[in-house]
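For reference, coords.txt (compact mmCIF, C-alpha atoms and all ligand atoms):
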# COMPACT_ATOMS: atom_id res chain seq x y z
CA MET A 1308 82.02 -29.46 61.37
CA GLN A 1309 79.47 -27.93 63.68
CA PHE A 1310 77.69 -28.77 66.90
CA PRO A 1311 76.45 -31.42 67.67
CA GLN A 1312 79.29 -33.21 65.75
CA LEU A 1313 81.83 -30.68 66.94
CA ARG A 1314 82.29 -30.85 70.71
CA LEU A 1315 85.25 -29.02 72.25
CA ARG A 1316 84.62 -30.73 75.57
CA ARG A 1317 86.02 -34.00 74.15
CA LEU A 1318 89.59 -32.89 74.79
CA ARG A 1319 88.79 -31.76 78.31
CA LYS A 1320 87.53 -35.12 79.53
CA THR A 1321 90.54 -36.37 81.46
CA GLU A 1322 93.58 -34.84 83.10
CA THR A 1323 95.75 -36.77 80.65
CA LEU A 1324 94.05 -35.16 77.66
CA ARG A 1325 94.12 -31.74 79.30
CA ARG A 1326 97.81 -32.15 79.98
CA MET A 1327 98.49 -33.26 76.38
CA PHE A 1328 96.85 -30.24 74.78
CA ARG A 1329 97.68 -27.50 77.28
CA GLU A 1330 99.14 -24.65 75.21
CA THR A 1331 101.10 -22.87 77.93
CA ALA A 1332 103.28 -24.45 80.58
CA LEU A 1333 105.24 -22.74 83.35
CA SER A 1334 108.76 -23.68 84.33
CA PRO A 1335 110.95 -22.48 87.23
CA ALA A 1336 113.25 -21.06 84.53
CA ASP A 1337 110.53 -18.49 83.75
CA PHE A 1338 110.97 -16.79 87.13
CA MET A 1339 113.20 -14.09 88.58
CA LEU A 1340 113.03 -13.66 92.38
CA PRO A 1341 113.11 -10.11 93.85
CA LEU A 1342 115.12 -9.81 97.08
CA PHE A 1343 115.36 -6.87 99.52
CA VAL A 1344 118.85 -6.50 100.96
CA ARG A 1345 119.71 -4.55 104.09
CA GLU A 1346 122.61 -4.13 106.53
CA GLY A 1347 123.42 -6.57 109.33
CA ARG A 1348 123.96 -10.30 109.82
CA GLY A 1349 121.37 -12.98 110.26
CA VAL A 1350 118.60 -10.43 109.62
CA ARG A 1351 115.24 -11.69 108.32
CA ASN A 1352 112.70 -8.90 108.87
CA PRO A 1353 109.22 -10.00 107.82
CA ILE A 1354 107.50 -7.49 105.50
CA GLY A 1355 104.07 -6.94 107.03
CA SER A 1356 102.27 -6.14 103.79
CA MET A 1357 103.88 -9.07 101.91
CA PRO A 1358 103.38 -12.29 103.92
CA GLY A 1359 106.25 -14.72 103.27
CA GLN A 1360 108.67 -11.99 102.07
CA PHE A 1361 111.56 -10.56 104.12
CA GLN A 1362 114.18 -7.83 104.22
CA LEU A 1363 117.41 -9.83 104.35
CA SER A 1364 120.99 -9.14 105.33
CA VAL A 1365 123.65 -10.16 102.80
CA ASP A 1366 124.27 -13.60 104.37
CA GLU A 1367 120.53 -14.35 104.41
CA THR A 1368 120.22 -13.08 100.83
CA VAL A 1369 122.72 -15.71 99.78
CA LYS A 1370 120.67 -18.39 101.58
CA ALA A 1371 117.47 -17.27 99.86
CA ALA A 1372 119.15 -17.23 96.45
CA ARG A 1373 120.63 -20.68 97.06
CA GLU A 1374 117.19 -22.06 97.82
CA ALA A 1375 115.76 -20.50 94.63
CA TRP A 1376 118.66 -21.72 92.51
CA GLY A 1377 118.27 -25.23 93.93
CA LEU A 1378 114.65 -25.24 92.78
CA GLY A 1379 115.60 -24.26 89.22
CA VAL A 1380 115.02 -20.49 89.46
CA PRO A 1381 117.94 -19.04 87.46
CA SER A 1382 117.86 -15.41 88.55
CA VAL A 1383 117.27 -12.90 91.33
CA ILE A 1384 116.84 -9.12 91.25
CA LEU A 1385 118.25 -7.07 94.11
CA PHE A 1386 116.73 -4.03 95.80
CA GLY A 1387 118.88 -2.24 98.36
CA ILE A 1388 117.76 -0.69 101.64
CA PRO A 1389 120.68 1.50 102.73
CA ASP A 1390 121.17 2.74 106.30
CA HIS A 1391 121.93 6.20 105.00
CA LYS A 1392 119.88 8.24 102.51
CA ASP A 1393 120.67 11.66 101.01
CA ALA A 1394 119.39 14.07 98.36
CA LEU A 1395 121.45 12.55 95.53
CA GLY A 1396 121.07 8.89 96.55
CA SER A 1397 124.82 8.40 96.87
CA GLY A 1398 124.37 4.92 98.39
CA ALA A 1399 123.14 3.74 95.01
CA TYR A 1400 126.50 4.20 93.29
CA ALA A 1401 128.90 3.61 96.21
CA ASP A 1402 131.22 0.73 95.35
CA ASP A 1403 130.84 -0.56 98.93
CA GLY A 1404 127.04 -0.03 98.92
CA ILE A 1405 124.65 -2.66 100.19
CA VAL A 1406 123.70 -3.99 96.74
CA GLN A 1407 127.32 -4.02 95.56
CA ARG A 1408 128.31 -6.17 98.58
CA ALA A 1409 125.35 -8.48 98.01
CA ILE A 1410 126.32 -8.96 94.35
CA LYS A 1411 129.85 -10.01 95.33
CA ALA A 1412 128.60 -12.44 97.99
CA LEU A 1413 126.08 -13.97 95.58
CA LYS A 1414 128.60 -14.38 92.75
CA ASP A 1415 131.09 -15.99 95.17
CA ALA A 1416 128.51 -18.47 96.46
CA LEU A 1417 126.55 -19.10 93.24
CA PRO A 1418 128.69 -18.18 90.23
CA GLU A 1419 126.11 -19.30 87.68
CA LEU A 1420 123.16 -17.44 89.22
CA CYS A 1421 122.02 -14.51 87.04
CA VAL A 1422 122.40 -11.65 89.51
CA THR A 1423 120.23 -8.76 88.32
CA THR A 1424 120.04 -5.34 89.93
CA ASP A 1425 117.29 -2.77 90.03
CA VAL A 1426 118.88 0.50 88.95
CA CYS A 1427 117.00 3.36 90.56
CA LEU A 1428 117.51 6.09 93.13
CA CYS A 1429 114.25 6.04 95.12
CA GLU A 1430 115.50 3.66 97.81
CA TYR A 1431 118.59 5.82 98.33
CA THR A 1432 117.20 9.36 98.26
CA ASP A 1433 115.92 11.05 101.42
CA HIS A 1434 112.95 12.44 99.43
CA GLY A 1435 112.08 9.01 98.00
CA HIS A 1436 111.91 10.07 94.34
CA CYS A 1437 113.65 8.23 91.52
CA GLY A 1438 115.92 11.12 90.54
CA VAL A 1439 117.43 14.50 91.32
CA ILE A 1440 114.93 17.11 92.59
CA GLU A 1441 114.99 20.56 91.02
CA GLY A 1442 112.18 23.08 91.46
CA GLY A 1443 109.94 20.54 93.21
CA ASP A 1444 110.05 17.91 90.45
CA VAL A 1445 112.39 15.17 89.30
CA SER A 1446 114.86 16.63 86.83
CA ASN A 1447 115.48 14.25 83.96
CA ASP A 1448 118.93 14.93 82.50
CA PRO A 1449 120.99 15.33 85.71
CA THR A 1450 119.49 12.01 86.89
CA LEU A 1451 120.87 10.12 83.87
CA GLU A 1452 124.47 10.52 84.95
CA LEU A 1453 123.74 9.13 88.41
CA LEU A 1454 121.85 6.16 87.01
CA ALA A 1455 124.74 5.37 84.66
CA ARG A 1456 127.16 5.54 87.61
CA GLU A 1457 124.91 3.18 89.56
CA ALA A 1458 124.77 0.65 86.70
CA VAL A 1459 128.55 0.77 86.23
CA SER A 1460 129.07 0.29 89.95
CA HIS A 1461 126.78 -2.78 89.90
CA ALA A 1462 128.62 -4.18 86.88
CA ARG A 1463 131.98 -3.61 88.57
CA ALA A 1464 130.73 -5.60 91.57
CA GLY A 1465 129.84 -8.46 89.20
CA ALA A 1466 126.17 -7.94 88.23
CA ASP A 1467 125.09 -10.07 85.25
CA LEU A 1468 122.16 -7.88 84.21
CA VAL A 1469 121.07 -4.35 85.09
CA ALA A 1470 117.46 -3.18 85.14
CA PRO A 1471 116.68 0.55 85.26
CA SER A 1472 113.24 1.21 86.80
CA ASP A 1473 113.30 5.02 87.05
CA MET A 1474 111.40 5.93 83.84
CA MET A 1475 113.61 8.93 82.94
CA ASP A 1476 113.79 9.68 79.20
CA GLY A 1477 117.08 8.62 77.64
CA ARG A 1478 118.28 6.37 80.47
CA ILE A 1479 118.89 3.30 78.33
CA ALA A 1480 121.28 5.18 76.04
CA ALA A 1481 122.96 6.73 79.10
CA LEU A 1482 123.41 3.33 80.76
CA ARG A 1483 124.64 1.69 77.56
CA ALA A 1484 127.22 4.44 77.00
CA GLY A 1485 128.32 4.31 80.65
CA LEU A 1486 128.70 0.53 80.65
CA ASP A 1487 130.47 0.40 77.28
CA GLY A 1488 132.81 3.20 78.32
CA GLU A 1489 133.92 1.27 81.40
CA GLY A 1490 134.48 -2.03 79.61
CA PHE A 1491 131.12 -3.62 80.41
CA GLY A 1492 129.91 -3.94 76.84
CA ASP A 1493 128.72 -7.49 77.51
CA VAL A 1494 126.41 -6.62 80.42
CA PRO A 1495 122.83 -6.62 79.10
CA ILE A 1496 120.13 -4.10 80.04
CA MET A 1497 116.60 -5.08 80.98
CA ALA A 1498 114.54 -1.89 80.64
CA TYR A 1499 111.49 -1.32 82.79
CA ALA A 1500 110.20 0.03 79.48
CA ALA A 1501 106.47 0.37 80.10
CA LYS A 1502 106.20 1.06 83.80
CA PHE A 1503 102.85 2.40 84.89
CA ALA A 1504 102.14 4.69 87.88
CA SER A 1505 100.36 1.94 89.78
CA THR A 1506 98.57 1.60 93.10
CA PHE A 1507 99.73 -2.02 93.06
CA TYR A 1508 103.24 -0.90 94.17
CA GLY A 1509 101.94 -0.04 97.66
CA PRO A 1510 103.35 -3.06 99.55
CA PHE A 1511 106.75 -2.69 97.81
CA ARG A 1512 107.18 0.83 99.12
CA ASP A 1513 106.86 -0.62 102.65
CA ALA A 1514 109.28 -3.41 101.79
CA ALA A 1515 111.91 -1.13 100.26
CA GLU A 1516 111.16 1.82 102.58
CA SER A 1517 110.92 4.03 99.51
CA PRO A 1518 107.60 5.94 99.43
CA PRO A 1519 107.99 9.45 97.99
CA LYS A 1520 108.02 12.06 100.80
CA PHE A 1521 105.98 14.48 98.69
CA GLY A 1522 103.84 14.16 95.58
CA ASP A 1523 103.74 10.97 93.54
CA ARG A 1524 105.50 9.37 90.56
CA ARG A 1525 103.00 10.35 87.87
CA SER A 1526 105.34 12.86 86.21
CA TYR A 1527 107.66 10.01 85.21
CA GLN A 1528 105.75 6.71 85.38
CA MET A 1529 103.08 6.07 82.75
CA ASP A 1530 99.39 6.83 82.93
CA PRO A 1531 97.41 3.58 83.34
CA GLY A 1532 95.12 4.45 80.43
CA ASN A 1533 97.86 4.42 77.81
CA GLY A 1534 98.49 1.33 75.69
CA ASP A 1535 99.76 3.06 72.52
CA GLU A 1536 102.19 5.14 74.55
CA ALA A 1537 103.52 1.92 76.11
CA LEU A 1538 104.57 0.79 72.63
CA ARG A 1539 106.34 4.11 72.05
CA GLU A 1540 108.20 3.72 75.35
CA VAL A 1541 109.28 0.22 74.37
CA GLU A 1542 110.29 1.36 70.87
CA LEU A 1543 112.48 4.09 72.31
CA ASP A 1544 114.19 1.71 74.74
CA VAL A 1545 114.79 -0.81 71.96
CA GLN A 1546 116.34 1.91 69.79
CA GLU A 1547 118.57 2.99 72.68
CA GLY A 1548 119.87 -0.54 73.11
CA ALA A 1549 117.69 -2.41 75.61
CA ASP A 1550 118.24 -6.18 75.42
CA ILE A 1551 115.06 -7.12 77.29
CA VAL A 1552 111.94 -4.99 77.67
CA MET A 1553 109.59 -5.14 80.63
CA VAL A 1554 105.97 -4.34 81.27
CA LYS A 1555 105.02 -3.52 84.84
CA PRO A 1556 102.69 -4.32 86.61
CA ALA A 1557 101.66 -7.58 84.93
CA LEU A 1558 98.07 -8.68 85.63
CA PRO A 1559 96.32 -5.32 85.09
CA TYR A 1560 98.39 -4.86 81.87
CA LEU A 1561 98.21 -8.26 80.14
CA ASP A 1562 96.99 -6.51 76.98
CA VAL A 1563 100.16 -4.40 76.96
CA ILE A 1564 102.38 -7.48 77.38
CA ARG A 1565 100.69 -9.10 74.37
CA ARG A 1566 101.01 -5.97 72.21
CA VAL A 1567 104.67 -5.52 73.12
CA LYS A 1568 105.48 -9.15 72.33
CA ASP A 1569 103.58 -9.09 69.01
CA THR A 1570 104.97 -5.72 67.90
CA PHE A 1571 108.66 -6.16 68.73
CA GLY A 1572 109.25 -9.89 69.15
CA TYR A 1573 111.83 -8.94 71.77
CA PRO A 1574 112.70 -10.86 74.92
CA THR A 1575 109.83 -9.62 77.08
CA ALA A 1576 109.64 -9.57 80.86
CA ALA A 1577 106.66 -8.82 83.08
CA TYR A 1578 106.75 -7.78 86.73
CA ASN A 1579 104.11 -9.51 88.87
CA VAL A 1580 104.35 -6.72 91.45
CA SER A 1581 103.96 -6.55 95.21
CA GLY A 1582 100.23 -5.71 95.18
CA GLU A 1583 99.49 -8.62 92.84
CA TYR A 1584 101.31 -10.89 95.29
CA SER A 1585 99.68 -9.49 98.42
CA MET A 1586 96.21 -9.64 96.87
CA VAL A 1587 96.58 -13.41 96.46
CA LYS A 1588 97.99 -13.78 99.97
CA ALA A 1589 95.12 -11.74 101.41
CA MET A 1590 92.45 -13.85 99.68
CA ASP A 1591 94.16 -17.00 100.90
CA ARG A 1592 94.39 -15.73 104.49
CA LEU A 1593 90.79 -14.58 104.55
CA GLY A 1594 89.67 -17.97 103.29
CA TRP A 1595 88.23 -16.35 100.16
CA GLY A 1596 90.27 -18.36 97.66
CA ASP A 1597 92.94 -21.02 97.35
CA GLY A 1598 96.31 -19.24 97.36
CA ARG A 1599 98.10 -21.90 95.38
CA GLY A 1600 95.51 -21.94 92.62
CA LEU A 1601 95.42 -18.15 92.44
CA MET A 1602 99.22 -18.03 92.26
CA MET A 1603 99.59 -20.59 89.48
CA GLU A 1604 96.73 -19.15 87.40
CA SER A 1605 98.15 -15.63 87.73
CA LEU A 1606 101.60 -16.73 86.59
CA LEU A 1607 100.21 -18.85 83.76
CA SER A 1608 98.15 -15.93 82.45
CA ILE A 1609 101.23 -13.68 82.39
CA LYS A 1610 103.14 -16.25 80.37
CA ARG A 1611 100.17 -16.84 78.05
CA ALA A 1612 100.02 -13.07 77.42
CA GLY A 1613 103.55 -13.28 75.99
CA ALA A 1614 106.05 -12.87 78.83
CA ASP A 1615 109.30 -14.81 78.47
CA LEU A 1616 110.36 -13.91 82.00
CA ILE A 1617 108.26 -13.19 85.10
CA LEU A 1618 109.64 -11.23 88.01
CA THR A 1619 107.67 -12.60 90.92
CA TYR A 1620 107.72 -12.92 94.71
CA PHE A 1621 106.10 -16.32 94.10
CA ALA A 1622 109.24 -17.67 92.38
CA VAL A 1623 110.22 -20.10 95.15
CA GLU A 1624 106.69 -21.16 96.06
CA ALA A 1625 105.68 -21.71 92.43
CA ALA A 1626 108.92 -23.55 91.60
CA ARG A 1627 108.11 -25.94 94.48
CA VAL A 1628 104.69 -26.62 93.01
CA LEU A 1629 106.15 -27.17 89.52
CA ASN A 1630 108.84 -29.52 90.86
CA GLY A 1631 106.08 -31.55 92.53
C1 LIG A 1701 111.67 1.48 92.10
C2 LIG A 1701 110.78 0.30 91.94
C3 LIG A 1701 109.46 0.13 92.38
C4 LIG A 1701 109.12 -1.19 92.08
C5 LIG A 1701 110.22 -1.77 91.46
N1 LIG A 1701 111.22 -0.81 91.35
C6 LIG A 1701 108.58 1.02 93.13
C7 LIG A 1701 108.02 2.22 92.51
O1 LIG A 1701 108.26 2.53 91.34
O2 LIG A 1701 107.33 2.92 93.23
C8 LIG A 1701 107.80 -1.86 92.40
C9 LIG A 1701 107.86 -3.33 92.60
C10 LIG A 1701 106.67 -3.94 93.25
O3 LIG A 1701 105.65 -3.30 93.56
O4 LIG A 1701 106.75 -5.16 93.51
N2 LIG A 1701 111.47 2.53 91.22
What would the structure in this file look like if it were written as structure tokens?
Amino acid sequence: MQFPQLRLRRLRKTETLRRMFRETALSPADFMLPLFVREGRGVRNPIGSMPGQFQLSVDETVKAAREAWGLGVPSVILFGIPDHKDALGSGAYADDGIVQRAIKALKDALPELCVTTDVCLCEYTDHGHCGVIEGGDVSNDPTLELLAREAVSHARAGADLVAPSDMMDGRIAALRAGLDGEGFGDVPIMAYAAKFASTFYGPFRDAAESPPKFGDRRSYQMDPGNGDEALREVELDVQEGADIVMVKPALPYLDVIRRVKDTFGYPTAAYNVSGEYSMVKAMDRLGWGDGRGLMMESLLSIKRAGADLILTYFAVEAARVLNG
């Protein structure tokens, strides 16, 4: 059949038809909500560069997670903002650290919530890099031991899933060995497998108070031009035992998400990062676009590209829309 007999517009005529033949549908179960946890009680510090997002004390973190859970969002991912930072990021693997206490409070209040933790050192080091500094650069192998300690400490506190975001070589194997050695063989790892050195992380570094004090992260995060290398990163993490692989950021790397999903058929996550969130909020505030439409279309495109899970600051807002 050919035009004029063939007319694709026939199935677009009504909302009912469009709804019947829509290929991709979002659900609140697709989302994981990032939360920034800091010391104190009753603290809700607005994050200037991320309208609608807050740094929360542990009690407020529980409230935020309860709201998300109530809307059908099954998981959160925790980022810690410690009061004290040092060269080796010791707050990251302290059993009474801020994230460890938040995990316990969340598991007490919401036992079924999937409490995920970001495993990285940059929020805990005084220099703001994701590992141990030697000779002016991040030294790979000494960092692995600290990351493994951090993951074990999170698991001991009750974390359901750990997610290393540092981009050191060999960290998945190091985490797997560390977890297995301490009796946490059933705690899965979500690898930030293809994490690009992105300008879109700008607002996050305000939120987590973690900008590097010197240099940048390009000696460990990936070059934005590299799609083939992203597949090699994912392959390595899969071989080392990752249970879920992530591409980050999401919108500027939809091609990478699709290639990863098609090549490995693994549970695939995508991180709709801070800059992607703030871009939508900025357009909405300036009156340049409808925030709700931009949000839903962004999330839908990430799922259509092949993501099974979307880490997004929109989780609560989008779940509200989906629940009507
Ligand atoms: C820590 C980390 C970062 C993000 C998640 N984990 C920042 C970075 O790598 O600089 C970014 C998240 C976002 O922008 O929303 N390594």
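Closest approach to ligand LIG 1701 (chain A) among A:Ala1466, A:Cys1421, A:Cys1427, A:Val1628 is made by A:Cys1427 (distances from all atoms listed in the file).
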Protein, DNA and RNA residues within 12 Å of (102.0, 13.1, 89.4), all atoms listed in the file, as a PyMOL selection string | chain A and resi 1436+1443-1445+1503-1505+1519+1521-1530
Chain A near ligand LIG 1701 (chain A) within 7 Å: what's each residue's closest atom pair and its distance in Å to one decimal, counting all atoms listed in the file, ordered by chain then ascending residue number, as JSON lines?
{"residue": "A:Asp1425", "atom": "CA", "partner": "A:LIG1701", "partner_atom": "N1", "distance": 6.5}
{"residue": "A:Cys1427", "atom": "CA", "partner": "A:LIG1701", "partner_atom": "N2", "distance": 5.6}
{"residue": "A:Cys1429", "atom": "CA", "partner": "A:LIG1701", "partner_atom": "N2", "distance": 5.9}
{"residue": "A:Cys1437", "atom": "CA", "partner": "A:LIG1701", "partner_atom": "N2", "distance": 6.1}
{"residue": "A:Ser1472", "atom": "CA", "partner": "A:LIG1701", "partner_atom": "N2", "distance": 4.9}
{"residue": "A:Asp1473", "atom": "CA", "partner": "A:LIG1701", "partner_atom": "N2", "distance": 5.2}
{"residue": "A:Phe1507", "atom": "CA", "partner": "A:LIG1701", "partner_atom": "O3", "distance": 6.1}
{"residue": "A:Tyr1508", "atom": "CA", "partner": "A:LIG1701", "partner_atom": "O3", "distance": 3.5}
{"residue": "A:Gly1509", "atom": "CA", "partner": "A:LIG1701", "partner_atom": "O3", "distance": 6.4}
{"residue": "A:Pro1510", "atom": "CA", "partner": "A:LIG1701", "partner_atom": "O3", "distance": 6.4}
{"residue": "A:Phe1511", "atom": "CA", "partner": "A:LIG1701", "partner_atom": "O3", "distance": 4.4}
{"residue": "A:Arg1512", "atom": "CA", "partner": "A:LIG1701", "partner_atom": "C6", "distance": 6.2}
{"residue": "A:Pro1518", "atom": "CA", "partner": "A:LIG1701", "partner_atom": "O2", "distance": 6.9}
{"residue": "A:Asn1579", "atom": "CA", "partner": "A:LIG1701", "partner_atom": "O4", "distance": 6.9}
{"residue": "A:Val1580", "atom": "CA", "partner": "A:LIG1701", "partner_atom": "O4", "distance": 3.5}
{"residue": "A:Ser1581", "atom": "CA", "partner": "A:LIG1701", "partner_atom": "O4", "distance": 3.6}
{"residue": "A:Gly1582", "atom": "CA", "partner": "A:LIG1701", "partner_atom": "O3", "distance": 6.1}
For the residues in the current selection, export C-alpha atoms as a CSV table (one decimal), in the frame of the given file.
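Ended up saving to result-v1.csv:
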chain,number,residue,atom,x,y,z
A,1425,ASP,CA,117.3,-2.8,90.0
A,1427,CYS,CA,117.0,3.4,90.6
A,1429,CYS,CA,114.2,6.0,95.1
A,1437,CYS,CA,113.6,8.2,91.5
A,1472,SER,CA,113.2,1.2,86.8
A,1473,ASP,CA,113.3,5.0,87.0
A,1507,PHE,CA,99.7,-2.0,93.1
A,1508,TYR,CA,103.2,-0.9,94.2
A,1509,GLY,CA,101.9,0.0,97.7
A,1510,PRO,CA,103.4,-3.1,99.6
A,1511,PHE,CA,106.8,-2.7,97.8
A,1512,ARG,CA,107.2,0.8,99.1
A,1518,PRO,CA,107.6,5.9,99.4
A,1579,ASN,CA,104.1,-9.5,88.9
A,1580,VAL,CA,104.4,-6.7,91.4
A,1581,SER,CA,104.0,-6.6,95.2
A,1582,GLY,CA,100.2,-5.7,95.2
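With all atoms listed in the file as the atoms that count, the minimum distance from A:Asp1550 to the choices A:Asp1493, A:Asp1535, A:Asp1562, A:Asp1448 is reached by A:Asp1493.
Minimum distance to A:Ala1470 across A:Asp1487, A:Leu1543, A:Arg1351, A:Leu1618 (counting all atoms listed in the file) occurs at A:Leu1618.
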Which residue gives the smallest distance to A:Ile1609 among A:Arg1565, A:Lys1588, A:Arg1325, A:Lys1370, with only C-alpha atoms counted?
-> A:Arg1565
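The space separating atom CA of A:Ala1589 from atom CA of A:Ser1605 comes to 14.5 Å.
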For atom CA of A:Thr1450 and atom CA of A:Asp1433, determine how far apart the two atoms are, in Å to one decimal place.
-> 15.0 Å
For stretch 1590-1608 of chain A, supply N, CA and C atoms and report the output as a compact mmCIF listing (two decimals), in the frame of the given file.
# COMPACT_ATOMS: atom_id res chain seq x y z
N MET A 1590 93.59 -12.97 99.96
CA MET A 1590 92.45 -13.85 99.68
C MET A 1590 92.63 -15.19 100.36
N ASP A 1591 93.86 -15.71 100.30
CA ASP A 1591 94.16 -17.00 100.90
C ASP A 1591 93.95 -16.93 102.42
N ARG A 1592 94.49 -15.88 103.03
CA ARG A 1592 94.39 -15.73 104.49
C ARG A 1592 92.96 -15.55 104.97
N LEU A 1593 92.17 -14.84 104.17
CA LEU A 1593 90.79 -14.58 104.55
C LEU A 1593 89.89 -15.78 104.28
N GLY A 1594 90.48 -16.80 103.64
CA GLY A 1594 89.67 -17.97 103.29
C GLY A 1594 88.76 -17.71 102.11
N TRP A 1595 89.08 -16.72 101.30
CA TRP A 1595 88.23 -16.35 100.16
C TRP A 1595 88.68 -17.01 98.86
N GLY A 1596 89.79 -17.71 98.89
CA GLY A 1596 90.27 -18.36 97.66
C GLY A 1596 91.48 -19.19 97.99
N ASP A 1597 91.79 -20.15 97.13
CA ASP A 1597 92.94 -21.02 97.35
C ASP A 1597 94.20 -20.34 96.82
N GLY A 1598 95.12 -20.00 97.72
CA GLY A 1598 96.31 -19.24 97.36
C GLY A 1598 97.14 -19.89 96.27
N ARG A 1599 97.28 -21.20 96.36
CA ARG A 1599 98.10 -21.90 95.38
C ARG A 1599 97.49 -21.83 93.97
N GLY A 1600 96.20 -22.03 93.91
CA GLY A 1600 95.51 -21.94 92.62
C GLY A 1600 95.59 -20.54 92.04
N LEU A 1601 95.37 -19.54 92.90
CA LEU A 1601 95.42 -18.15 92.44
C LEU A 1601 96.82 -17.80 91.93
N MET A 1602 97.83 -18.29 92.65
CA MET A 1602 99.22 -18.03 92.26
C MET A 1602 99.53 -18.64 90.89
N MET A 1603 99.21 -19.92 90.72
CA MET A 1603 99.59 -20.59 89.48
C MET A 1603 98.81 -20.03 88.28
N GLU A 1604 97.53 -19.71 88.49
CA GLU A 1604 96.73 -19.15 87.40
C GLU A 1604 97.22 -17.76 87.00
N SER A 1605 97.61 -16.96 88.02
CA SER A 1605 98.15 -15.63 87.73
C SER A 1605 99.41 -15.75 86.87
N LEU A 1606 100.33 -16.60 87.29
CA LEU A 1606 101.60 -16.73 86.59
C LEU A 1606 101.40 -17.28 85.17
N LEU A 1607 100.49 -18.26 85.07
CA LEU A 1607 100.21 -18.85 83.76
C LEU A 1607 99.65 -17.79 82.80
N SER A 1608 98.78 -16.93 83.31
CA SER A 1608 98.15 -15.93 82.45
C SER A 1608 99.19 -14.92 81.95
